[in-house]
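Inspection log for the structure reproduced underneath, given as structure tokens.
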Amino acid sequence: QVTLKESGPGMLQPSKTLSLTCSFSGFSLSTSGMVVSWIRQPSGKSLEWLAAIDWDGDKYYNPSLKSRLTVSKDTSNTQVFLKITSVDIADTATYYCARSGPFSRDVMDAWGQGASVTVSS
Amino acid sequence: DIQMTQSPASLSASLGETVTIECLASEDIYSNLAWYQQKPGKSPQLLIYYANSLNDGVPSRFSGSGSGTQYSLKINSLQSEDVSIYFCQQNYDSPPTFGAGTKLELK
């Protein structure tokens with residue numbers, strides 16, 4: 001059974017760096033073709049794809065946020081991380097990590113429950 | 001970025017009815033289109049990929065079709081558990097982009 005779970009600070013102040021962790025099980029990120037992506041969703045709004053990292057360590061970013069994003073994974077291939085620098089109120093959202101790869105690099109077939117992040121002073 | 005336009009934004013239907021949700025891409029996405037269902041308070045779940053391929057475990061009353069820039073999601077015999085927001089997403093070009101969503105409610 002594939003499961004993913006996001007964790008984060010819950011709340012942080014503007015201009016700080018947001019650090020999120022995605023812990024997963026049921027698949028191996030070292031398997032060829034596997035990808036873990038980050039997607040966010042402001043309350044009541046649609047979804048925005050942020051970044052992804054694949055089995056080979058290749059990283060992919062949304063150009064609109066690329067300068068602020070860093071995606072990485074741990075050496076055991078059981079966790080993926082996302083850092084967003086210089087956060088603003090507009091970064092308030094639920095952040096999801098999701099697996100993709102079985103069908104396409106960008107088709108997310110398993111999602112975490114989401115981590116709510118509020119940016120506020 | 002490829003823009004995805006969904007319609008309608010909201011939809012009210014009765015149990016047993018058939019509903020259709022449309023998704024229009026700003027350019028040809030060559031059937032690289034996925035549909036997700038997001039139940040209230042939950043994370044999105046993949047329903048359909050490659051425009052018409054049903055993900056494992058998804059009821060057969062869901063179906064997808066389309067090509068080029070125009071795609072649709074059809075739900076036959078609407079059930080109460082289908083109350084959700086539905087999103088389309090293109091995975092033809094990076095970054096992957098989502099439609100604004102269609103909120104499906106029971107009449």
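In the structure tokens, chains take letters A, B, ... by order of appearance, with residues numbered from 1 within each chain and ligands from 1 in the order shown.
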
Once you count only C-alpha atoms, what closest atom pair and distance in Å to one decimal does each residue of chain B within 9 Å of chain A have, with rows by chain and rising residue number, as JSON lines?
```
{"residue": "B:Leu33", "atom": "CA", "partner": "A:Val107", "partner_atom": "CA", "distance": 8.7}
{"residue": "B:Ala34", "atom": "CA", "partner": "A:Val107", "partner_atom": "CA", "distance": 6.9}
{"residue": "B:Lys42", "atom": "CA", "partner": "A:Gln113", "partner_atom": "CA", "distance": 6.8}
{"residue": "B:Ser43", "atom": "CA", "partner": "A:Gln113", "partner_atom": "CA", "distance": 5.6}
{"residue": "B:Pro44", "atom": "CA", "partner": "A:Trp111", "partner_atom": "CA", "distance": 6.9}
{"residue": "B:Gln45", "atom": "CA", "partner": "A:Ala110", "partner_atom": "CA", "distance": 6.9}
{"residue": "B:Leu46", "atom": "CA", "partner": "A:Asp109", "partner_atom": "CA", "distance": 5.4}
{"residue": "B:Leu47", "atom": "CA", "partner": "A:Asp109", "partner_atom": "CA", "distance": 8.6}
{"residue": "B:Tyr49", "atom": "CA", "partner": "A:Val107", "partner_atom": "CA", "distance": 7.2}
{"residue": "B:Tyr50", "atom": "CA", "partner": "A:Phe103", "partner_atom": "CA", "distance": 8.4}
{"residue": "B:Asn55", "atom": "CA", "partner": "A:Asp109", "partner_atom": "CA", "distance": 8.2}
{"residue": "B:Phe87", "atom": "CA", "partner": "A:Ser46", "partner_atom": "CA", "distance": 8.0}
{"residue": "B:Gln89", "atom": "CA", "partner": "A:Val107", "partner_atom": "CA", "distance": 8.4}
{"residue": "B:Gln90", "atom": "CA", "partner": "A:Asp106", "partner_atom": "CA", "distance": 8.4}
{"residue": "B:Asn91", "atom": "CA", "partner": "A:Asp106", "partner_atom": "CA", "distance": 5.4}
{"residue": "B:Tyr92", "atom": "CA", "partner": "A:Asp106", "partner_atom": "CA", "distance": 8.4}
{"residue": "B:Ser94", "atom": "CA", "partner": "A:Asn62", "partner_atom": "CA", "distance": 7.7}
{"residue": "B:Pro95", "atom": "CA", "partner": "A:Asn62", "partner_atom": "CA", "distance": 5.6}
{"residue": "B:Pro96", "atom": "CA", "partner": "A:Trp49", "partner_atom": "CA", "distance": 6.4}
{"residue": "B:Thr97", "atom": "CA", "partner": "A:Trp49", "partner_atom": "CA", "distance": 6.8}
{"residue": "B:Phe98", "atom": "CA", "partner": "A:Leu47", "partner_atom": "CA", "distance": 6.1}
{"residue": "B:Gly99", "atom": "CA", "partner": "A:Ser46", "partner_atom": "CA", "distance": 7.1}
{"residue": "B:Ala100", "atom": "CA", "partner": "A:Ser46", "partner_atom": "CA", "distance": 5.1}
{"residue": "B:Gly101", "atom": "CA", "partner": "A:Ser46", "partner_atom": "CA", "distance": 6.4}
```

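Residues of region 44-102 of chain B assigned to strand (DSSP E or B) by DSSP on this structure's backbone: Gln45, Leu46, Leu47, Ile48, Tyr49, Ser53, Leu54, Phe62, Ser63, Gly64, Ser65, Gly66, Ser67, Gln70, Tyr71, Ser72, Leu73, Lys74, Ile75, Ser84, Ile85, Tyr86, Phe87, Cys88, Gln89, Gln90, Thr97, Phe98 and Thr102 of chain B.
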
Those residues with N, CA, C and O atoms, as a JSON list (two decimals), in the first residue's frame please?
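What follows is the written file out.json:
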```
[["chain", "number", "residue", "atom", "x", "y", "z"],
["B", 45, "GLN", "N", -7.69, 12.57, -5.67],
["B", 45, "GLN", "CA", -7.44, 11.18, -6.02],
["B", 45, "GLN", "C", -7.55, 11.04, -7.53],
["B", 45, "GLN", "O", -8.47, 11.58, -8.15],
["B", 46, "LEU", "N", -6.63, 10.29, -8.11],
["B", 46, "LEU", "CA", -6.62, 10.11, -9.56],
["B", 46, "LEU", "C", -7.77, 9.22, -10.01],
["B", 46, "LEU", "O", -7.95, 8.12, -9.51],
["B", 47, "LEU", "N", -8.55, 9.74, -10.96],
["B", 47, "LEU", "CA", -9.64, 8.96, -11.55],
["B", 47, "LEU", "C", -9.24, 8.38, -12.90],
["B", 47, "LEU", "O", -9.42, 7.19, -13.16],
["B", 48, "ILE", "N", -8.75, 9.24, -13.77],
["B", 48, "ILE", "CA", -8.51, 8.89, -15.17],
["B", 48, "ILE", "C", -7.20, 9.50, -15.62],
["B", 48, "ILE", "O", -6.85, 10.62, -15.23],
["B", 49, "TYR", "N", -6.46, 8.76, -16.43],
["B", 49, "TYR", "CA", -5.23, 9.27, -17.03],
["B", 49, "TYR", "C", -5.26, 8.96, -18.53],
["B", 49, "TYR", "O", -6.06, 8.14, -18.99],
["B", 53, "SER", "N", -8.23, 6.41, -19.64],
["B", 53, "SER", "CA", -7.84, 5.20, -18.91],
["B", 53, "SER", "C", -8.25, 5.32, -17.44],
["B", 53, "SER", "O", -7.83, 6.26, -16.75],
["B", 54, "LEU", "N", -9.03, 4.36, -17.00],
["B", 54, "LEU", "CA", -9.55, 4.38, -15.64],
["B", 54, "LEU", "C", -8.49, 3.87, -14.67],
["B", 54, "LEU", "O", -7.90, 2.80, -14.88],
["B", 62, "PHE", "N", -17.52, 6.09, -14.13],
["B", 62, "PHE", "CA", -16.68, 7.21, -14.56],
["B", 62, "PHE", "C", -16.03, 6.88, -15.91],
["B", 62, "PHE", "O", -15.52, 5.77, -16.11],
["B", 63, "SER", "N", -16.04, 7.84, -16.80],
["B", 63, "SER", "CA", -15.35, 7.64, -18.08],
["B", 63, "SER", "C", -14.82, 8.97, -18.59],
["B", 63, "SER", "O", -15.35, 10.04, -18.27],
["B", 64, "GLY", "N", -13.75, 8.90, -19.37],
["B", 64, "GLY", "CA", -13.16, 10.09, -19.94],
["B", 64, "GLY", "C", -13.05, 9.96, -21.44],
["B", 64, "GLY", "O", -12.92, 8.84, -21.97],
["B", 65, "SER", "N", -13.09, 11.08, -22.10],
["B", 65, "SER", "CA", -12.95, 11.07, -23.56],
["B", 65, "SER", "C", -12.36, 12.40, -24.01],
["B", 65, "SER", "O", -12.21, 13.33, -23.21],
["B", 66, "GLY", "N", -12.05, 12.45, -25.28],
["B", 66, "GLY", "CA", -11.54, 13.69, -25.85],
["B", 66, "GLY", "C", -10.22, 13.52, -26.55],
["B", 66, "GLY", "O", -9.58, 12.48, -26.47],
["B", 67, "SER", "N", -9.83, 14.58, -27.24],
["B", 67, "SER", "CA", -8.57, 14.61, -27.95],
["B", 67, "SER", "C", -8.23, 16.06, -28.28],
["B", 67, "SER", "O", -9.10, 16.95, -28.13],
["B", 70, "GLN", "N", -9.86, 19.41, -26.43],
["B", 70, "GLN", "CA", -11.15, 19.26, -25.75],
["B", 70, "GLN", "C", -11.33, 17.88, -25.12],
["B", 70, "GLN", "O", -11.21, 16.86, -25.81],
["B", 71, "TYR", "N", -11.67, 17.89, -23.84],
["B", 71, "TYR", "CA", -11.80, 16.66, -23.07],
["B", 71, "TYR", "C", -13.03, 16.73, -22.19],
["B", 71, "TYR", "O", -13.51, 17.82, -21.84],
["B", 72, "SER", "N", -13.52, 15.55, -21.80],
["B", 72, "SER", "CA", -14.67, 15.53, -20.91],
["B", 72, "SER", "C", -14.61, 14.34, -19.98],
["B", 72, "SER", "O", -14.01, 13.30, -20.28],
["B", 73, "LEU", "N", -15.21, 14.54, -18.82],
["B", 73, "LEU", "CA", -15.39, 13.50, -17.81],
["B", 73, "LEU", "C", -16.89, 13.26, -17.69],
["B", 73, "LEU", "O", -17.65, 14.20, -17.51],
["B", 74, "LYS", "N", -17.28, 12.00, -17.79],
["B", 74, "LYS", "CA", -18.70, 11.64, -17.69],
["B", 74, "LYS", "C", -18.91, 10.73, -16.50],
["B", 74, "LYS", "O", -18.13, 9.80, -16.27],
["B", 75, "ILE", "N", -19.94, 11.05, -15.73],
["B", 75, "ILE", "CA", -20.32, 10.21, -14.61],
["B", 75, "ILE", "C", -21.73, 9.69, -14.87],
["B", 75, "ILE", "O", -22.69, 10.48, -14.93],
["B", 84, "SER", "N", -18.21, 16.00, -4.98],
["B", 84, "SER", "CA", -16.77, 16.29, -4.93],
["B", 84, "SER", "C", -16.48, 17.50, -5.81],
["B", 84, "SER", "O", -17.36, 18.01, -6.50],
["B", 85, "ILE", "N", -15.23, 17.90, -5.78],
["B", 85, "ILE", "CA", -14.71, 18.82, -6.78],
["B", 85, "ILE", "C", -13.84, 18.00, -7.73],
["B", 85, "ILE", "O", -13.04, 17.18, -7.29],
["B", 86, "TYR", "N", -14.02, 18.24, -9.00],
["B", 86, "TYR", "CA", -13.28, 17.50, -10.03],
["B", 86, "TYR", "C", -12.33, 18.46, -10.74],
["B", 86, "TYR", "O", -12.71, 19.55, -11.15],
["B", 87, "PHE", "N", -11.10, 18.02, -10.89],
["B", 87, "PHE", "CA", -10.06, 18.82, -11.55],
["B", 87, "PHE", "C", -9.50, 18.07, -12.76],
["B", 87, "PHE", "O", -9.24, 16.86, -12.68],
["B", 88, "CYS", "N", -9.31, 18.78, -13.84],
["B", 88, "CYS", "CA", -8.54, 18.22, -14.94],
["B", 88, "CYS", "C", -7.11, 18.73, -14.83],
["B", 88, "CYS", "O", -6.85, 19.78, -14.22],
["B", 89, "GLN", "N", -6.18, 18.00, -15.42],
["B", 89, "GLN", "CA", -4.76, 18.37, -15.37],
["B", 89, "GLN", "C", -4.07, 17.89, -16.63],
["B", 89, "GLN", "O", -4.25, 16.74, -17.04],
["B", 90, "GLN", "N", -3.31, 18.77, -17.25],
["B", 90, "GLN", "CA", -2.54, 18.35, -18.41],
["B", 90, "GLN", "C", -1.14, 17.94, -17.96],
["B", 90, "GLN", "O", -0.52, 18.59, -17.11],
["B", 97, "THR", "N", -0.37, 21.62, -15.34],
["B", 97, "THR", "CA", -1.32, 22.63, -14.89],
["B", 97, "THR", "C", -2.70, 22.04, -14.74],
["B", 97, "THR", "O", -3.08, 21.09, -15.45],
["B", 98, "PHE", "N", -3.46, 22.62, -13.82],
["B", 98, "PHE", "CA", -4.78, 22.13, -13.46],
["B", 98, "PHE", "C", -5.86, 23.12, -13.88],
["B", 98, "PHE", "O", -5.62, 24.33, -13.95],
["B", 102, "THR", "N", -14.48, 21.79, -10.91],
["B", 102, "THR", "CA", -15.95, 21.78, -11.04],
["B", 102, "THR", "C", -16.51, 21.17, -9.78],
["B", 102, "THR", "O", -16.19, 20.03, -9.43]]
```

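Of the residues listed (B:Gln38, B:Thr20, B:Asn32, B:Ser80), B:Asn32 shows the shortest atom-to-atom separation from Asp93 (chain B); distances use only C-alpha atoms.
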